[in-house]
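J.: Got a structure for you, coords26.txt, holding compact mmCIF, C-alpha atoms.
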```txt
# COMPACT_ATOMS: atom_id res chain seq x y z
CA MET A 1 0.00 0.00 0.00
CA ARG A 2 2.81 2.39 0.89
CA LYS A 3 4.58 1.81 -2.46
CA LYS A 4 1.38 2.59 -4.33
CA TYR A 5 0.96 5.81 -2.34
CA LEU A 6 4.56 6.86 -3.05
CA PHE A 7 4.08 6.12 -6.73
CA TYR A 8 1.00 8.38 -6.94
CA VAL A 9 2.70 11.16 -4.98
CA THR A 10 5.74 10.97 -7.27
CA VAL A 11 3.64 11.03 -10.44
CA PHE A 12 1.57 13.94 -9.15
CA SER A 13 4.71 15.86 -8.17
CA LEU A 14 6.35 15.34 -11.55
CA PHE A 15 3.17 16.37 -13.34
CA SER A 16 2.96 19.51 -11.19
CA ILE A 17 6.58 20.40 -11.93
CA VAL A 18 6.03 19.99 -15.69
CA LEU A 19 2.95 22.23 -15.53
CA LEU A 20 4.81 24.90 -13.57
CA ILE A 21 7.71 24.87 -16.03
CA TRP A 22 5.29 25.14 -18.92
CA TYR A 23 3.41 28.00 -17.27
CA TRP A 24 6.65 29.83 -16.56
CA ARG A 25 7.94 29.39 -20.13
CA ALA A 26 4.71 29.90 -22.07
CA LYS A 27 3.45 33.06 -20.40
CA PRO A 28 5.14 36.37 -21.16
CA ASN A 29 6.35 38.35 -18.17
CA VAL A 30 4.12 41.35 -18.81
CA LYS A 31 5.53 43.48 -15.98
CA LEU A 32 9.09 42.94 -17.21
CA ILE A 33 8.07 43.79 -20.79
CA GLU A 34 6.28 46.94 -19.62
CA ARG A 35 9.33 47.95 -17.58
CA ASN A 36 11.69 47.27 -20.52
CA THR A 37 9.58 49.33 -22.92
CA ASP A 38 8.68 52.17 -20.57
CA GLY A 39 8.78 55.40 -22.55
CA TRP A 40 9.13 53.74 -25.96
CA TYR A 41 5.49 54.03 -26.88
CA ALA A 42 2.65 56.22 -25.82
CA PRO A 43 -0.34 53.94 -25.37
CA SER A 44 -2.79 53.67 -28.24
CA GLU A 45 -6.47 54.06 -27.60
CA VAL A 46 -8.62 51.00 -28.31
CA SER A 47 -10.24 51.68 -31.64
CA HIS A 48 -13.88 51.32 -32.62
CA PRO A 49 -15.39 51.58 -36.11
CA GLU A 50 -16.47 55.16 -35.34
CA ASN A 51 -13.02 56.49 -34.40
CA TYR A 52 -10.76 54.03 -36.21
CA LYS A 53 -9.50 56.28 -39.02
CA LYS A 54 -8.71 59.13 -36.63
CA LEU A 55 -6.81 56.90 -34.19
CA VAL A 56 -4.79 55.17 -36.92
CA ARG A 57 -3.91 58.57 -38.39
CA LEU A 58 -2.69 59.68 -34.93
CA ASP A 59 -0.66 56.47 -34.47
CA LEU A 60 0.97 56.94 -37.88
CA ARG A 61 1.68 60.61 -37.18
CA ASP A 62 3.35 59.68 -33.89
CA ASN A 63 5.19 56.74 -35.53
CA LYS A 64 3.43 54.22 -33.28
CA THR A 65 4.01 50.86 -34.88
CA PHE A 66 4.21 47.40 -33.39
CA LEU A 67 7.86 46.72 -32.48
CA THR A 68 9.33 47.52 -35.92
CA GLN A 69 12.48 49.04 -34.50
CA TYR A 70 12.82 47.12 -31.24
CA ALA A 71 12.40 43.38 -31.92
CA TRP A 72 15.53 41.56 -33.07
CA TYR A 73 14.27 38.01 -32.72
CA CYS A 74 11.37 36.10 -31.27
CA ILE A 75 10.64 32.81 -29.58
CA VAL A 76 7.39 31.01 -30.28
CA VAL A 77 6.16 28.80 -27.44
CA SER A 78 3.47 26.20 -28.01
CA ASN A 79 0.90 26.23 -25.23
CA SER A 80 0.02 22.56 -25.71
CA PHE A 81 1.98 19.40 -25.07
CA PRO A 82 4.93 18.96 -25.74
CA PHE A 83 5.31 22.75 -25.20
CA ALA A 84 7.85 23.14 -28.00
CA GLU A 85 9.84 26.33 -28.54
CA LYS A 86 11.13 27.69 -31.81
CA GLN A 87 13.35 30.72 -32.30
CA TYR A 88 13.09 33.06 -35.32
CA HIS A 89 15.68 35.63 -36.35
CA GLY A 90 15.87 38.46 -38.85
CA ALA A 91 13.55 38.16 -41.82
CA ALA A 92 11.06 35.76 -40.23
CA THR A 93 10.64 38.01 -37.17
CA GLN A 94 10.19 41.05 -39.39
CA GLU A 95 7.60 39.23 -41.55
CA ILE A 96 5.60 38.35 -38.44
CA ILE A 97 5.75 41.96 -37.25
CA GLU A 98 4.83 43.23 -40.72
CA ILE A 99 1.67 41.10 -40.75
CA LEU A 100 0.71 42.29 -37.26
CA ASN A 101 1.40 45.95 -38.13
CA ASP A 102 -0.74 45.92 -41.28
CA SER A 103 -4.24 47.23 -40.56
CA SER A 104 -5.62 45.22 -43.48
CA SER A 105 -4.57 42.06 -41.60
CA TYR A 106 -7.40 42.65 -39.14
CA ARG A 107 -11.15 42.61 -39.31
CA TRP A 108 -13.68 43.91 -36.85
CA GLY A 109 -14.86 41.25 -34.48
CA GLU A 110 -13.90 38.83 -31.81
CA HIS A 111 -15.13 35.40 -30.90
CA GLY A 112 -15.01 35.59 -27.13
CA THR A 113 -12.44 34.31 -24.71
CA PRO A 114 -9.43 33.16 -26.74
CA ASP A 115 -7.94 29.71 -26.30
CA ILE A 116 -4.26 30.60 -26.65
CA ASP A 117 -2.40 28.08 -28.80
CA ARG A 118 0.95 29.85 -29.14
CA THR A 119 2.73 32.77 -27.61
CA ILE A 120 5.35 34.79 -29.47
CA ILE A 121 7.74 36.66 -27.20
CA TYR A 122 9.83 39.33 -28.95
CA TYR A 123 13.34 40.17 -27.73
CA GLY A 124 15.48 43.26 -28.26
CA LYS A 125 19.21 43.75 -28.81
CA ILE A 126 20.19 42.85 -25.26
CA ASP A 127 18.01 39.71 -25.00
CA GLU A 128 15.32 41.45 -22.95
CA PRO A 129 11.65 40.83 -23.83
CA VAL A 130 10.08 43.86 -25.54
CA GLY A 131 6.63 42.60 -26.55
CA TYR A 132 4.43 39.59 -27.13
CA THR A 133 1.63 38.16 -29.23
CA GLU A 134 -0.77 35.50 -28.02
CA ILE A 135 -2.43 33.54 -30.83
CA ASP A 136 -5.76 31.74 -30.83
CA LEU A 137 -6.24 29.33 -33.75
CA ASP A 138 -9.60 30.95 -34.54
CA GLY A 139 -7.68 34.08 -35.56
CA GLU A 140 -7.80 36.23 -32.46
CA VAL A 141 -4.49 37.72 -31.30
CA GLU A 142 -3.51 39.83 -28.35
CA ASN A 143 -0.49 42.04 -28.90
CA TYR A 144 1.57 44.11 -26.54
CA PRO A 145 2.06 46.93 -27.22
CA TYR A 146 -1.40 47.40 -28.71
CA ARG A 147 -1.77 49.74 -31.69
CA SER A 148 -5.09 51.22 -32.89
CA SER A 149 -4.61 49.67 -36.35
CA MET A 150 -5.10 46.24 -34.74
CA LYS A 151 -8.83 46.91 -34.39
CA TRP A 152 -10.03 44.36 -31.80
CA GLY A 153 -7.36 41.77 -32.58
CA MET A 154 -9.17 39.43 -35.00
CA LEU A 155 -6.99 38.52 -37.99
CA THR A 156 -8.46 37.97 -41.42
CA LYS A 157 -8.37 34.41 -42.70
CA SER A 158 -5.60 35.16 -45.21
CA SER A 159 -3.44 36.97 -42.62
CA MET A 160 -3.88 34.13 -40.15
CA GLU A 161 -2.82 31.66 -42.86
CA LYS A 162 0.28 33.76 -43.65
CA LEU A 163 1.20 33.99 -39.98
CA MET A 164 0.73 30.27 -39.37
CA ASN A 165 2.68 29.47 -42.55
CA ILE A 166 5.66 31.41 -41.19
CA LEU A 167 5.38 29.77 -37.77
CA ASP A 168 4.92 26.25 -39.08
CA ASN A 169 7.26 26.17 -42.09
CA ARG A 170 10.41 28.05 -41.12
```
Could you write out this file's structure as structure tokens?
T.:
Amino acid sequence: MRKKYLFYVTVFSLFSIVLLIWYWRAKPNVKLIERNTDGWYAPSEVSHPENYKKLVRLDLRDNKTFLTQYAWYCIVVSNSFPFAEKQYHGAATQEIIEILNDSSSYRWGEHGTPDIDRTIIYYGKIDEPVGYTEIDLDGEVENYPYRSSMKWGMLTKSSMEKLMNILDNR
């Protein structure tokens, strides 16, 4: 009986450790990212169809884009077993950022609470995190820092396919 109890305690402990490691790796440290990027960007107002053009015009005037000059590479973490990580440098990182910066990549709408499949954590020159994107396979993304051109964070079907093609095939 005691051996069976020890077996279950050991399995439970190992499972808990794996979950904690996954949680620590898969979730961006938002406070650290905010601290690292303090003063880089003025916050963008959340856009609505009524004020969208005005807010995008203000973001463009103030050169508020999503990480174009700060992200040097990114790490994509899968939020499902086996919690794989993949690192992207140079052109691939810039292609991802280009898709997320393009206002035509987004459509108005959201589908509710996202079920995050992957998290992209962007890193700067000195290996400090400078932003993140959380991706739901239904097309909803959450980006930090948010820009008004991102509407409510729902990618068009073609933009989602482009993004997933980069993530899956490079």
J.: Which residue out of A:Met164, A:Leu60, A:Ile121, A:Val77 has the minimum interatomic distance to A:Gly139 when all atoms listed in the file are used?
T.: A:Met164
J.: So that I can check the surroundings of A:Ala71, please list as an MDAnalysis selection string every protein, DNA and RNA residue that reaches within 10 Å of it, counting all atoms listed in the file and ignoring chain neighbours fewer than 2 positions away.
T.: chainID A and resid 66:69 73:74 89:90 93:94 97 121:125 127:131
J.: Taking all atoms listed in the file into account, name the residue in A:Lys86, A:Tyr70, A:Pro49, A:Tyr106 that is nearest to A:Asn36.
T.: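 Looking at the shortest contact to A:Asn36, the residue is A:Tyr70.
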J.: One decimal, Å: what's the distance from atom CA of A:Lys151 over to atom CA of A:Arg107, could you say?
T.: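 Atom-to-atom, atom CA of A:Lys151 to atom CA of A:Arg107, that is 6.9 Å.
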J.: What does the distance between atom CA of A:Ile166 and atom CA of A:Ser80 come to in Å, to one decimal place?
T.: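 Rounded to one decimal, the two atoms are 18.7 Å apart.
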J.: Taking into account only C-alpha atoms, which residue in the set A:Glu142, A:Glu95, A:Asp38, A:Asp102 is nearest to A:Arg170?
T.: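 That would be A:Glu95, the residue with the smallest distance to A:Arg170.
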J.: So the first atom is atom CA of A:Gly109 and the second is atom CA of A:Val46; what is the distance between them in Å, to one decimal place?
T.: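 For atom CA of A:Gly109 relative to atom CA of A:Val46, the distance reads 13.1 Å.
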J.: For A:Gly112, which residue out of A:Ala84, A:Gly153, A:Thr10, A:Ile126 is the nearest one, using all atoms listed in the file?
T.: A:Gly153
J.: So, counting all atoms listed in the file, which residue among A:Ser105, A:Asp115, A:Ser78, A:Thr133 is closest to A:Lys157?
T.: A:Ser105
